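Engineer: Got a structure here, written out as structure tokens. Questions coming.
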Amino acid sequence: MALGTQPVGRLLWQYALPGVIAMTASSLYNMVDSIFIGHGVGPMALAALGITFPFMNIGAAFGAAVGVGGSTLMSLRLGQRQYDKANNVLGNMVALNIITGLLVGIVSIIYLDPILRFFGASDQTLPHAHDYMFILLLGNVITHLYLGLNAALRSASKPRQAMIATIVTVVLNIILDPIFIWPLHMGIKGAAIATVLAQVIVLCWQLWQFSRQRELLHLEWRFLKPAMPIIKDIVGIGISPFAMQITGCVVAIFTNNLLLKYGGDLAVGAYGIAHRLGFVFFMVIMGICQGMQPIAGYNYGARNMDRVKRVVRLAITVSVISMTAGWLIGELFTRACVRLFTDDSALIGIAVRGIRINMLVFPVIGYQATVTNFFQTIGKVRISIFMSLSRQLLFLLPMMLIFAALWGLDGVWFSLPASDLASFIVAVIIMQRFKLQNHSQTIRS
């Protein structure tokens, strides 16, 4: 098989490129609303977007639980040539996405203002955050189905179609956002409508992809009935990424409230800009890791440890180079990057300082993230979860609380690179121990 014989560099390029393109497009999708809202509505509306981060984490958590769990189970059934069972998993994924999308959307709409206050909204940002999230929550089922079917496309060996779906959604959003914000004078509501409408259009295309009966994976009404054994399997596999996303939600709530306390609404807006800027480069790493996973997983299973080491080293190198490029852009062209989002001088000043602090140790994130994904790939799930959660729970939250108490707003900013550095050191130690154990096993064999 090619995964075990072809040159590792060529394989990584072949498998990673679609992932990098799709992930970069996905990160740009998150930036589009911010850019148009920042210039078309104002700095308070941009700050309001920062308040919605925990909502995005919650949506991503349920999406990961169903999408990752369902797509993994689907791939397993396809590999076993159990095509009816794979289609049953697809149907249950769709049913689960509808159920969770409705439940999360309805509950969130009912308690929207109290939730936004808890997330860090002030009197100035609450109206904007409410208008934006109300529209998105009305379309919550659409978002869940769109993300779930994209995961299903990748499991059905259609990464190109999944990439196209992501890119088309971004392009549609870029076209629709300015139309709804300016000519139609709908402000931040218009940006939310544009987001949902773009997803509706692409979702129709995704459903058409899965409606063709000649395809191995296709939707049928009989498969949409929820089956508890399948749901348990989906949730069991998806609980790990769900926990990670929920942890991200908790961190986002703490961060917003501390930023609001020590820096006001503009500090929340500045963090939103810093987060979205860094997210672009982090998604490149995720694309590289997607390319590494099948190569490392196959060769680890075949005990081709030399190829495993080569692909991991190459993936780490490319990831570190990517994050170093992000660090250079963030440190040297900070003001130009911030001006993409806003012309407000006060917000620019806070964001420029925040981004420069946040990106102090940016290159090491490439190593930590790749190593974390490697352990997940080879089935060391507990190590992977520990490495993912340690950065946020063991390091970031305590550091943020202590640093903020000591140095105010700067303390909140400095806790971000400090936790990145700490989690990098942990990743190095764990990776070295893994290498030593693997070396001793090789000698014994």
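Residue names in the structure tokens use chain letters A, B, ... in the order shown, residue numbers from 1 in each chain, and ligand numbers from 1 in the order shown.
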So that I can check the surroundings of Ile348 (chain A), please list as a list of chain:residue names every protein, DNA and RNA residue that reaches within 9 Å of it, counting only C-alpha atoms and ignoring chain neighbours fewer than 3 positions away.
Structural biologist: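 Near neighbours after the sequence-gap exclusion: A:Ala270, A:Arg335, A:Val338, A:Arg339, A:Thr342, A:Asp343, A:Asp344, A:Ser345, A:Ala351, A:Val352, A:Arg353.
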Engineer: Write out the residues from the selection above, keeping C-alpha atoms, as a PDB file, in the first residue's frame.
Structural biologist:
```pdb
ATOM      1  CA  ALA A 270      -8.772  43.233  20.836  1.00  0.00           C
ATOM      2  CA  ARG A 335      -0.745  47.342  12.957  1.00  0.00           C
ATOM      3  CA  VAL A 338      -5.296  44.980  13.039  1.00  0.00           C
ATOM      4  CA  ARG A 339      -6.373  47.583  10.474  1.00  0.00           C
ATOM      5  CA  THR A 342     -10.992  48.213  12.475  1.00  0.00           C
ATOM      6  CA  ASP A 343     -10.061  51.884  12.023  1.00  0.00           C
ATOM      7  CA  ASP A 344     -10.716  52.748  15.677  1.00  0.00           C
ATOM      8  CA  SER A 345      -7.447  54.137  17.087  1.00  0.00           C
ATOM      9  CA  ALA A 351      -4.937  45.013  19.892  1.00  0.00           C
ATOM     10  CA  VAL A 352      -1.403  45.732  18.644  1.00  0.00           C
ATOM     11  CA  ARG A 353       0.087  45.310  22.125  1.00  0.00           C
TER      12      ARG A 353
END
```
Engineer: Using only C-alpha atoms, which of A:Gly190, A:Pro294, A:Gly366, A:Pro54 sits nearest Tyr132 (chain A)?
Structural biologist: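 Counting only C-alpha atoms, the residue closest to Tyr132 (chain A) is A:Gly190.
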Engineer: Please list as a list in words every residue within 12 Å of Val250 (chain A), counting only C-alpha atoms and excluding residues in the same chain fewer than 6 positions away.
Structural biologist: Phe53, Pro54, Phe55, Met56, Asn57, Ile58, Ala61, Phe118, Phe119, Gly120, Ala243, Met244, Asn256, Asn257, Leu389, Gln392, Leu393, Leu396 and Leu397 of chain A
Engineer: For Gly63 (chain A), find every residue with an atom within 10 Å (counting only C-alpha atoms), except residues of its own chain fewer than 5 positions away, and show them as a list in words.
Structural biologist: Asn57, Ile58, Val68, Gly69, Leu96, Asn97, Thr100, Gly101, Thr143, His144, Leu145, Tyr146, Leu147, Gly148, Ala151, Gly238, Pro241, Phe242 and Gln245 of chain A
Engineer: Next, dump the selected residues to file, keeping only N, CA and C atoms, as a CSV table (one decimal), in the first residue's frame.
Structural biologist:
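Okay, this is what ended up in selection.csv:
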```
chain,number,residue,atom,x,y,z
A,57,ASN,N,-17.7,27.7,20.7
A,57,ASN,CA,-17.1,26.5,21.3
A,57,ASN,C,-18.2,25.5,21.6
A,58,ILE,N,-19.3,25.9,22.1
A,58,ILE,CA,-20.4,25.0,22.5
A,58,ILE,C,-20.9,24.3,21.2
A,68,VAL,N,-17.1,13.9,14.7
A,68,VAL,CA,-15.9,13.1,14.8
A,68,VAL,C,-16.3,11.6,15.2
A,69,GLY,N,-17.2,11.5,16.1
A,69,GLY,CA,-17.7,10.2,16.5
A,69,GLY,C,-18.4,9.4,15.3
A,96,LEU,N,-29.0,13.0,14.9
A,96,LEU,CA,-28.4,13.6,16.1
A,96,LEU,C,-28.1,15.1,15.9
A,97,ASN,N,-27.6,15.4,14.7
A,97,ASN,CA,-27.4,16.8,14.4
A,97,ASN,C,-28.6,17.7,14.4
A,100,THR,N,-29.6,17.8,18.4
A,100,THR,CA,-28.8,18.7,19.2
A,100,THR,C,-28.9,20.1,18.7
A,101,GLY,N,-29.0,20.3,17.4
A,101,GLY,CA,-29.1,21.6,16.8
A,101,GLY,C,-30.3,22.3,17.3
A,143,THR,N,-26.3,24.9,10.8
A,143,THR,CA,-24.9,24.8,11.1
A,143,THR,C,-24.5,23.4,11.5
A,144,HIS,N,-25.2,22.8,12.4
A,144,HIS,CA,-24.9,21.4,12.8
A,144,HIS,C,-24.9,20.4,11.6
A,145,LEU,N,-25.9,20.5,10.8
A,145,LEU,CA,-26.0,19.6,9.6
A,145,LEU,C,-24.9,19.9,8.6
A,146,TYR,N,-24.6,21.2,8.4
A,146,TYR,CA,-23.5,21.5,7.5
A,146,TYR,C,-22.2,21.0,7.9
A,147,LEU,N,-21.8,21.1,9.2
A,147,LEU,CA,-20.6,20.6,9.7
A,147,LEU,C,-20.5,19.1,9.8
A,148,GLY,N,-21.7,18.5,10.1
A,148,GLY,CA,-21.7,17.0,10.2
A,148,GLY,C,-21.6,16.4,8.9
A,151,ALA,N,-18.0,16.4,7.6
A,151,ALA,CA,-17.2,15.3,8.2
A,151,ALA,C,-17.6,14.0,7.5
A,238,GLY,N,-16.9,10.3,20.3
A,238,GLY,CA,-16.9,11.8,20.2
A,238,GLY,C,-16.7,12.5,21.5
A,241,PRO,N,-13.2,14.8,21.9
A,241,PRO,CA,-13.2,16.2,21.3
A,241,PRO,C,-14.3,17.1,21.9
A,242,PHE,N,-15.4,16.5,22.3
A,242,PHE,CA,-16.4,17.3,23.0
A,242,PHE,C,-15.9,17.9,24.3
A,245,GLN,N,-13.5,20.8,23.5
A,245,GLN,CA,-14.2,22.1,23.1
A,245,GLN,C,-14.9,22.7,24.2
```
Engineer: I'd like the neighbourhood of Arg154 (chain A) as a PyMOL selection string, where a residue qualifies if any of its atoms comes within 12 Å (using only C-alpha atoms), though same-chain residues fewer than 3 positions away should be ignored.
Structural biologist: chain A and resi 18-19+22+67-68+70-72+74-75+147-151+157-166+206+217+290
Engineer: Suppose we keep C-alpha atoms; can you now write the selection as an mmCIF file, in the first residue's frame?
Structural biologist:
```
data_model
loop_
_atom_site.group_PDB
_atom_site.id
_atom_site.type_symbol
_atom_site.label_atom_id
_atom_site.label_comp_id
_atom_site.auth_asym_id
_atom_site.auth_seq_id
_atom_site.Cartn_x
_atom_site.Cartn_y
_atom_site.Cartn_z
ATOM 1 C CA PRO A 18 -6.445 19.451 0.886
ATOM 2 C CA GLY A 19 -6.591 19.704 4.681
ATOM 3 C CA ALA A 22 -9.904 23.487 3.838
ATOM 4 C CA GLY A 67 -19.108 14.665 13.571
ATOM 5 C CA VAL A 68 -15.895 13.061 14.849
ATOM 6 C CA GLY A 70 -19.967 9.518 13.532
ATOM 7 C CA SER A 71 -17.316 9.893 10.831
ATOM 8 C CA THR A 72 -14.878 7.623 12.704
ATOM 9 C CA MET A 74 -18.587 5.334 9.527
ATOM 10 C CA SER A 75 -15.005 4.821 8.309
ATOM 11 C CA LEU A 147 -20.553 20.635 9.732
ATOM 12 C CA GLY A 148 -21.740 17.042 10.227
ATOM 13 C CA LEU A 149 -22.164 16.333 6.511
ATOM 14 C CA ASN A 150 -18.747 17.819 5.782
ATOM 15 C CA ALA A 151 -17.236 15.311 8.229
ATOM 16 C CA SER A 157 -13.305 9.403 0.776
ATOM 17 C CA LYS A 158 -14.454 12.710 -0.656
ATOM 18 C CA PRO A 159 -12.023 15.212 0.885
ATOM 19 C CA ARG A 160 -12.152 17.291 -2.314
ATOM 20 C CA GLN A 161 -15.930 17.760 -1.999
ATOM 21 C CA ALA A 162 -15.546 18.632 1.697
ATOM 22 C CA MET A 163 -12.894 21.196 0.754
ATOM 23 C CA ILE A 164 -15.129 22.646 -1.972
ATOM 24 C CA ALA A 165 -18.028 22.949 0.504
ATOM 25 C CA THR A 166 -15.842 24.927 2.925
ATOM 26 C CA GLN A 206 -24.214 18.409 0.471
ATOM 27 C CA LEU A 217 -22.919 6.246 1.364
ATOM 28 C CA GLN A 290 -4.714 15.744 9.061
#
```
Engineer: Could you list, as a list in words, every residue within 10 Å of Val170 (chain A), counting only C-alpha atoms and ignoring same-chain residues fewer than 6 positions away?
Structural biologist: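 Contacts, with the query itself left out: Ala25, Ser26, Ser27, Leu28, Tyr29, Asn30, Met31, Val32, Ile164, Leu176, Thr195, Ala198 and Gln199 of chain A.
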Engineer: Residues at most 8 Å from Ala296 (chain A), counting only C-alpha atoms, excluding those fewer than 5 positions away in the same chain, as number ranges by chain?
Structural biologist: A: 307-308, 311-312, 374, 377-378
Engineer: What is the CA of Leu332 (chain A)-CA of Met283 (chain A) distance in Å, reported with one decimal?
Structural biologist: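 Straight-line distance from CA of Leu332 (chain A) to CA of Met283 (chain A) works out to 20.9 Å.
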Engineer: What's the separation between CA of Phe434 (chain A) and CA of Val364 (chain A), in Å to one decimal place?
Structural biologist: 19.0 Å
